[in-house]
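For reference, coords-v3.pdb (PDB, C-alpha atoms):
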ATOM      1  CA  LEU A   1     194.595 -45.779 150.767
ATOM      2  CA  THR A   2     198.052 -46.278 149.249
ATOM      3  CA  ASP A   3     199.383 -43.155 151.004
ATOM      4  CA  VAL A   4     197.795 -44.210 154.297
ATOM      5  CA  ARG A   5     199.318 -47.676 154.075
ATOM      6  CA  ARG A   6     202.780 -46.132 153.959
ATOM      7  CA  CYS A   7     202.194 -45.300 157.630
ATOM      8  CA  ARG A   8     201.568 -48.939 158.523
ATOM      9  CA  VAL A   9     202.900 -50.038 161.911
ATOM     10  CA  ASP A  10     203.255 -53.395 163.602
ATOM     11  CA  VAL A  11     200.698 -53.552 166.410
ATOM     12  CA  THR A  12     200.509 -56.279 169.050
ATOM     13  CA  LEU A  13     198.240 -56.653 172.055
ATOM     14  CA  ALA A  14     199.256 -55.732 175.584
ATOM     15  CA  PRO A  15     199.124 -58.521 178.164
ATOM     16  CA  ASN A  16     196.270 -58.240 180.650
ATOM     17  CA  ASN A  17     194.576 -60.206 183.388
ATOM     18  CA  ILE A  18     191.021 -60.000 182.055
ATOM     19  CA  SER A  19     189.607 -63.463 182.580
ATOM     20  CA  HIS A  20     186.951 -63.041 179.895
ATOM     21  CA  VAL A  21     189.334 -62.858 176.934
ATOM     22  CA  VAL A  22     191.995 -65.064 175.403
ATOM     23  CA  ILE A  23     195.038 -63.435 173.786
ATOM     24  CA  ALA A  24     197.025 -65.634 171.432
ATOM     25  CA  GLU A  25     200.678 -66.370 172.073
ATOM     26  CA  ASP A  26     201.793 -64.107 169.228
ATOM     27  CA  LYS A  27     199.774 -61.249 170.792
ATOM     28  CA  ARG A  28     197.930 -60.550 167.553
ATOM     29  CA  GLN A  29     194.650 -62.331 168.155
ATOM     30  CA  VAL A  30     191.975 -61.867 170.820
ATOM     31  CA  SER A  31     188.753 -63.771 171.418
ATOM     32  CA  SER A  32     186.129 -63.743 174.124
ATOM     33  CA  ARG A  33     185.188 -66.640 176.320
ATOM     34  CA  ASN A  34     181.599 -67.835 176.663
ATOM     35  CA  PRO A  35     179.641 -64.692 177.669
ATOM     36  CA  GLN A  36     177.056 -66.627 179.658
ATOM     37  CA  ILE A  37     178.962 -66.059 182.875
ATOM     38  CA  MET A  38     178.436 -64.599 186.295
ATOM     39  CA  TYR A  39     180.786 -62.084 187.737
ATOM     40  CA  ARG A  40     180.876 -59.981 190.868
ATOM     41  CA  THR A  41     181.806 -56.325 191.116
ATOM     42  CA  GLN A  42     181.466 -53.974 194.062
ATOM     43  CA  GLY A  43     179.543 -56.586 195.997
ATOM     44  CA  THR A  44     176.837 -56.994 193.362
ATOM     45  CA  LEU A  45     176.322 -60.039 191.175
ATOM     46  CA  PHE A  46     175.574 -59.381 187.521
ATOM     47  CA  GLN A  47     174.573 -61.544 184.612
ATOM     48  CA  SER A  48     174.361 -59.242 181.641
ATOM     49  CA  LEU A  49     175.536 -59.509 178.042
ATOM     50  CA  THR A  50     175.365 -55.716 177.786
ATOM     51  CA  ASN A  51     177.817 -55.339 180.636
ATOM     52  CA  PHE A  52     179.960 -58.150 179.298
ATOM     53  CA  ILE A  53     181.100 -56.226 176.217
ATOM     54  CA  TYR A  54     183.208 -53.989 178.454
ATOM     55  CA  CYS A  55     184.975 -56.941 180.030
ATOM     56  CA  THR A  56     186.434 -58.003 176.693
ATOM     57  CA  GLY A  57     188.258 -54.862 175.535
ATOM     58  CA  VAL A  58     192.044 -54.969 175.146
ATOM     59  CA  LEU A  59     194.663 -52.399 174.220
ATOM     60  CA  GLY A  60     197.551 -52.509 171.819
ATOM     61  CA  SER A  61     200.926 -52.468 173.506
ATOM     62  CA  GLN A  62     202.179 -49.488 171.483
ATOM     63  CA  SER A  63     201.156 -46.010 172.633
ATOM     64  CA  ILE A  64     200.600 -43.226 170.101
ATOM     65  CA  THR A  65     201.808 -39.764 171.067
ATOM     66  CA  SER A  66     202.655 -38.218 167.690
ATOM     67  CA  GLY A  67     202.802 -38.892 163.990
ATOM     68  CA  LYS A  68     200.718 -41.039 161.651
ATOM     69  CA  HIS A  69     199.904 -44.686 162.393
ATOM     70  CA  TYR A  70     197.966 -47.247 160.389
ATOM     71  CA  TRP A  71     197.036 -50.876 161.092
ATOM     72  CA  GLU A  72     194.492 -53.438 159.920
ATOM     73  CA  VAL A  73     192.243 -55.818 161.852
ATOM     74  CA  ASP A  74     190.794 -59.051 160.487
ATOM     75  CA  VAL A  75     187.161 -59.332 161.608
ATOM     76  CA  SER A  76     186.037 -61.989 159.129
ATOM     77  CA  LYS A  77     183.248 -64.315 160.272
ATOM     78  CA  LYS A  78     182.554 -62.188 163.356
ATOM     79  CA  SER A  79     178.982 -61.111 164.139
ATOM     80  CA  ALA A  80     180.012 -58.483 166.700
ATOM     81  CA  TRP A  81     183.074 -56.347 167.444
ATOM     82  CA  ILE A  82     184.252 -52.883 168.462
ATOM     83  CA  LEU A  83     187.565 -51.372 167.386
ATOM     84  CA  GLY A  84     189.415 -48.099 167.137
ATOM     85  CA  VAL A  85     191.573 -46.220 169.601
ATOM     86  CA  CYS A  86     191.355 -45.558 173.312
ATOM     87  CA  ALA A  87     193.101 -43.122 175.623
ATOM     88  CA  GLY A  88     193.721 -45.925 178.108
ATOM     89  CA  PHE A  89     191.440 -47.648 180.597
ATOM     90  CA  GLN A  90     191.587 -49.675 183.770
ATOM     91  CA  PRO A  91     190.506 -53.211 182.884
ATOM     92  CA  ASP A  92     190.162 -54.183 186.544
ATOM     93  CA  VAL A  93     187.678 -51.415 187.286
ATOM     94  CA  MET A  94     184.056 -52.134 186.480
ATOM     95  CA  TYR A  95     181.562 -49.333 185.892
ATOM     96  CA  ASN A  96     177.815 -49.056 185.726
ATOM     97  CA  ILE A  97     177.934 -49.740 182.033
ATOM     98  CA  GLU A  98     174.396 -50.703 181.136
ATOM     99  CA  GLN A  99     174.158 -47.550 178.997
ATOM    100  CA  ASN A 100     177.468 -48.009 177.148
ATOM    101  CA  GLU A 101     178.676 -44.894 178.930
ATOM    102  CA  ASN A 102     182.374 -45.408 178.240
ATOM    103  CA  TYR A 103     182.239 -45.509 174.452
ATOM    104  CA  GLN A 104     182.341 -41.786 173.824
ATOM    105  CA  PRO A 105     185.135 -39.537 172.527
ATOM    106  CA  LYS A 106     184.868 -37.375 175.647
ATOM    107  CA  TYR A 107     185.829 -40.453 177.671
ATOM    108  CA  GLY A 108     188.727 -41.277 175.354
ATOM    109  CA  TYR A 109     187.108 -43.773 172.960
ATOM    110  CA  TRP A 110     187.053 -43.232 169.197
ATOM    111  CA  VAL A 111     185.473 -46.459 167.987
ATOM    112  CA  ILE A 112     183.085 -48.073 165.534
ATOM    113  CA  GLY A 113     181.360 -51.417 165.965
ATOM    114  CA  LEU A 114     179.244 -54.229 164.613
ATOM    115  CA  GLN A 115     176.406 -56.075 166.300
ATOM    116  CA  GLU A 116     174.013 -58.802 165.180
ATOM    117  CA  GLY A 117     176.125 -59.400 162.079
ATOM    118  CA  VAL A 118     174.707 -56.523 160.022
ATOM    119  CA  LYS A 119     174.375 -53.412 162.202
ATOM    120  CA  TYR A 120     177.411 -51.132 161.887
ATOM    121  CA  SER A 121     177.580 -48.090 164.157
ATOM    122  CA  VAL A 122     179.803 -45.256 165.305
ATOM    123  CA  PHE A 123     179.807 -44.182 168.959
ATOM    124  CA  GLN A 124     179.636 -40.420 169.446
ATOM    125  CA  ASP A 125     179.253 -38.182 172.486
ATOM    126  CA  GLY A 126     175.857 -38.244 174.157
ATOM    127  CA  SER A 127     173.686 -35.175 174.458
ATOM    128  CA  SER A 128     173.543 -32.890 177.493
ATOM    129  CA  HIS A 129     170.291 -34.623 178.432
ATOM    130  CA  THR A 130     171.871 -38.090 178.331
ATOM    131  CA  PRO A 131     175.578 -37.473 179.032
ATOM    132  CA  PHE A 132     176.294 -41.037 180.122
ATOM    133  CA  ALA A 133     174.838 -42.706 177.017
ATOM    134  CA  PRO A 134     176.666 -42.381 173.703
ATOM    135  CA  PHE A 135     174.895 -41.232 170.602
ATOM    136  CA  ILE A 136     175.019 -44.403 168.477
ATOM    137  CA  VAL A 137     174.804 -43.552 164.783
ATOM    138  CA  PRO A 138     174.136 -46.279 162.166
ATOM    139  CA  LEU A 139     176.732 -46.545 159.414
ATOM    140  CA  SER A 140     175.894 -47.349 155.810
ATOM    141  CA  VAL A 141     178.154 -50.260 154.863
ATOM    142  CA  ILE A 142     177.302 -51.814 151.507
ATOM    143  CA  ILE A 143     179.985 -54.511 151.519
ATOM    144  CA  CYS A 144     180.650 -56.050 154.931
ATOM    145  CA  PRO A 145     184.354 -55.753 155.737
ATOM    146  CA  ASP A 146     186.435 -58.820 156.484
ATOM    147  CA  ARG A 147     189.292 -56.455 157.280
ATOM    148  CA  VAL A 148     189.155 -52.926 158.712
ATOM    149  CA  GLY A 149     191.975 -50.395 158.463
ATOM    150  CA  VAL A 150     192.500 -47.844 161.236
ATOM    151  CA  PHE A 151     194.469 -44.640 160.606
ATOM    152  CA  VAL A 152     195.454 -42.199 163.345
ATOM    153  CA  ASP A 153     196.914 -38.792 162.494
ATOM    154  CA  TYR A 154     197.858 -37.495 165.931
ATOM    155  CA  GLU A 155     198.777 -33.946 164.885
ATOM    156  CA  ALA A 156     195.677 -33.588 162.682
ATOM    157  CA  CYS A 157     193.537 -35.037 165.528
ATOM    158  CA  THR A 158     191.748 -37.539 163.295
ATOM    159  CA  VAL A 159     190.891 -41.253 163.403
ATOM    160  CA  SER A 160     189.751 -42.879 160.149
ATOM    161  CA  PHE A 161     188.342 -46.334 159.412
ATOM    162  CA  PHE A 162     188.610 -48.065 156.027
ATOM    163  CA  ASN A 163     186.828 -51.057 154.520
ATOM    164  CA  ILE A 164     189.742 -53.004 153.038
ATOM    165  CA  THR A 165     187.348 -55.574 151.589
ATOM    166  CA  ASN A 166     185.707 -52.800 149.555
ATOM    167  CA  HIS A 167     188.849 -51.312 147.976
ATOM    168  CA  GLY A 168     189.690 -49.167 151.002
ATOM    169  CA  PHE A 169     186.354 -47.325 151.112
ATOM    170  CA  LEU A 170     186.204 -44.823 153.988
ATOM    171  CA  ILE A 171     183.750 -46.096 156.601
ATOM    172  CA  TYR A 172     183.989 -43.165 159.025
ATOM    173  CA  LYS A 173     186.333 -40.399 160.155
ATOM    174  CA  PHE A 174     186.521 -38.741 163.571
ATOM    175  CA  SER A 175     187.763 -35.148 163.330
ATOM    176  CA  GLN A 176     188.936 -32.695 165.989
ATOM    177  CA  CYS A 177     189.788 -35.500 168.402
ATOM    178  CA  SER A 178     190.984 -34.308 171.802
ATOM    179  CA  PHE A 179     194.223 -36.255 172.178
ATOM    180  CA  SER A 180     195.292 -34.884 175.549
ATOM    181  CA  LYS A 181     197.330 -37.999 176.352
ATOM    182  CA  PRO A 182     198.675 -41.117 174.598
ATOM    183  CA  VAL A 183     196.156 -43.268 172.769
ATOM    184  CA  PHE A 184     196.302 -46.993 172.082
ATOM    185  CA  PRO A 185     194.789 -49.359 169.519
ATOM    186  CA  TYR A 186     191.621 -50.852 171.005
ATOM    187  CA  LEU A 187     189.946 -54.176 170.168
ATOM    188  CA  ASN A 188     186.823 -55.663 171.684
ATOM    189  CA  PRO A 189     185.565 -59.045 170.372
ATOM    190  CA  ARG A 190     182.309 -58.543 172.306
ATOM    191  CA  LYS A 191     180.195 -61.619 172.987
ATOM    192  CA  CYS A 192     181.117 -63.259 169.660
ATOM    193  CA  THR A 193     183.715 -65.942 170.388
ATOM    194  CA  VAL A 194     185.189 -65.825 166.867
ATOM    195  CA  PRO A 195     188.621 -64.134 167.199
ATOM    196  CA  MET A 196     189.666 -60.794 165.764
ATOM    197  CA  THR A 197     193.250 -60.515 164.553
ATOM    198  CA  LEU A 198     195.772 -57.720 164.137
ATOM    199  CA  CYS A 199     197.274 -58.182 160.685
ATOM    200  CA  SER A 200     201.035 -58.100 160.303
ATOM    201  CA  PRO A 201     202.368 -55.249 158.122
ATOM    202  CA  SER A 202     203.540 -57.772 155.528
ATOM    203  CA  SER A 203     200.111 -59.393 155.102
TER     204      SER A 203
END
Using structure tokens, write down the structure that the file contains.
Amino acid sequence: LTDVRRCRVDVTLAPNNISHVVIAEDKRQVSSRNPQIMYRTQGTLFQSLTNFIYCTGVLGSQSITSGKHYWEVDVSKKSAWILGVCAGFQPDVMYNIEQNENYQPKYGYWVIGLQEGVKYSVFQDGSSHTPFAPFIVPLSVIICPDRVGVFVDYEACTVSFFNITNHGFLIYKFSQCSFSKPVFPYLNPRKCTVPMTLCSPSS
């Protein structure tokens, strides 16, 4: 982890107009508003916590087009989150997302997540029989991380996740990533209103 931390960069969040999230003034912290909301998209009214998780994703302001980049995210006291990198998305465009169809590498998402406080997962590409639903694989995490490190090696086409709370233990590594365009840090606080925070390089 020492070598990876030499690639540490200062990441802040990009401004957005998503009404379901709150970004702190220093652009390092994001939290979700109360998920028990109603919203309208394409003329249809939805009330769904499953759909809501896609309304709370935000990007880092710094694009990654080459080199090695490392940052850490404080997720302490959160019962749900998703983080990693994303090849860019349109936050104003809603999809039929009941099957988590966006969270797949083929759609430009290399992410891991937590739900219900104890269930850690990685989102992989769905099968040919279910192309719009990601293959969600449970992760074995012995010590729950209060802080997660994310390392992107653009030329090597890899994205790695580290449990900083457990001495930098490798949680998961995506290999052979198809970086056909710039990627961005991605944070999603999901329906848990506890904030997640981008750590400063000096912390």
Point to revise | Atom-to-atom span, CA of Pro201 (chain A) and CA of Trp71 (chain A), Å | key: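 Separation between CA of Pro201 (chain A) and CA of Trp71 (chain A): 7.5 Å.
Counting from CA of Arg5 (chain A), the distance to CA of Asn163 (chain A) is 12.9 Å.
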Test item: residues at most 12 Å from Thr12 (chain A), all atoms listed in the file, excluding those fewer than 5 positions along its chain, as a compact mmCIF listing (two decimals) with C-alpha atoms, keeping the file's coordinate frame:
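To be explicit, this is the file written out as around_39.txt:
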# COMPACT_ATOMS: atom_id res chain seq x y z
CA ILE A 23 195.04 -63.44 173.79
CA ALA A 24 197.02 -65.63 171.43
CA GLU A 25 200.68 -66.37 172.07
CA ASP A 26 201.79 -64.11 169.23
CA LYS A 27 199.77 -61.25 170.79
CA ARG A 28 197.93 -60.55 167.55
CA GLN A 29 194.65 -62.33 168.16
CA VAL A 30 191.98 -61.87 170.82
CA VAL A 58 192.04 -54.97 175.15
CA LEU A 59 194.66 -52.40 174.22
CA GLY A 60 197.55 -52.51 171.82
CA SER A 61 200.93 -52.47 173.51
CA GLN A 62 202.18 -49.49 171.48
CA SER A 63 201.16 -46.01 172.63
CA TRP A 71 197.04 -50.88 161.09
CA GLU A 72 194.49 -53.44 159.92
CA VAL A 73 192.24 -55.82 161.85
CA PHE A 184 196.30 -46.99 172.08
CA PRO A 185 194.79 -49.36 169.52
CA TYR A 186 191.62 -50.85 171.00
CA LEU A 187 189.95 -54.18 170.17
CA THR A 197 193.25 -60.52 164.55
CA LEU A 198 195.77 -57.72 164.14
CA CYS A 199 197.27 -58.18 160.68
CA SER A 200 201.04 -58.10 160.30
CA PRO A 201 202.37 -55.25 158.12
Review point. With distances taken over all atoms listed in the file, which of A:Cys7, A:Ser160, A:Phe151, A:Gly113 is nearest to Val137 (chain A)?
Key: A:Gly113
Review point. What is the distance between CA of Val4 (chain A) and CA of Val85 (chain A), in Å to one decimal?
Key: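 Computing the Euclidean distance for CA of Val4 (chain A) and CA of Val85 (chain A) yields 16.6 Å.
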Practice item. Determine, counting all atoms listed in the file, which protein, DNA and RNA residues have an atom within 7 Å of an atom of Asn188 (chain A); residues of the same chain fewer than 4 positions away are not included. Present the result as number ranges by chain. Key: A: 56-58, 81-83
Exercise for review: Write out as a list of chain:residue names each polymer residue whose atoms come within 6 Å of region 120-126 of chain A, counting only C-alpha atoms; drop sequence neighbours fewer than 3 positions from it.
Suggested key: A:Gln104, A:Ile112, A:Gly113, A:Leu114, A:Thr130, A:Pro131, A:Ala133, A:Pro134, A:Phe135, A:Ile136, A:Val137, A:Pro138, A:Leu139
Practice item. Fewer than 5 positions away in the same chain doesn't count, so skip those; otherwise give me all residues within 12 Å of Glu155 (chain A), counting only C-alpha atoms, as a VMD selection string. Key: chain A and resid 64 to 69 175 to 180
**Study point:** Spatial neighbours of Arg6 (chain A), max dist 9 Å, all atoms listed in the file, sep filter under 4 positions, as a PyMOL selection string
**Key:** chain A and resi 1-2+70
Any chance you could export the current selection's C-alpha atoms as a PDB file, in the coordinates of the input?
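Listed below is the output, selection39.pdb:
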ATOM      1  CA  LEU A   1     194.595 -45.779 150.767  1.00  0.00           C
ATOM      2  CA  THR A   2     198.052 -46.278 149.249  1.00  0.00           C
ATOM      3  CA  TYR A  70     197.966 -47.247 160.389  1.00  0.00           C
TER       4      TYR A  70
END
Where's the centre, and what are the edge lengths in Å to one decimal, of a box along x, y and z enclosing all listed atoms of region 154-167 of chain A padded 3 Å per side, as JSON?
{"center_x": 192.2, "center_y": -44.6, "center_z": 157.0, "size_x": 19.1, "size_y": 28.0, "size_z": 24.0}
**Study point:** From A:Gln115, A:Cys192, A:Gly84, A:Ser203, residue lying nearest Ser31 (chain A) [only C-alpha atoms]
**Key:**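 With only C-alpha atoms as the atom set, the closest residue is A:Cys192.
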Point to revise | Reference answer for the PyMOL selection byres ((chain A and resi 74) around 6), as a ChimeraX atom specification | key: /A:73,75-76,146-147,196-197
Review point. Of the residues A:Val111, A:Cys86, A:Ala80, A:Val148, which is the one nearest to Phe174 (chain A), using all atoms listed in the file?
Key: A:Val111
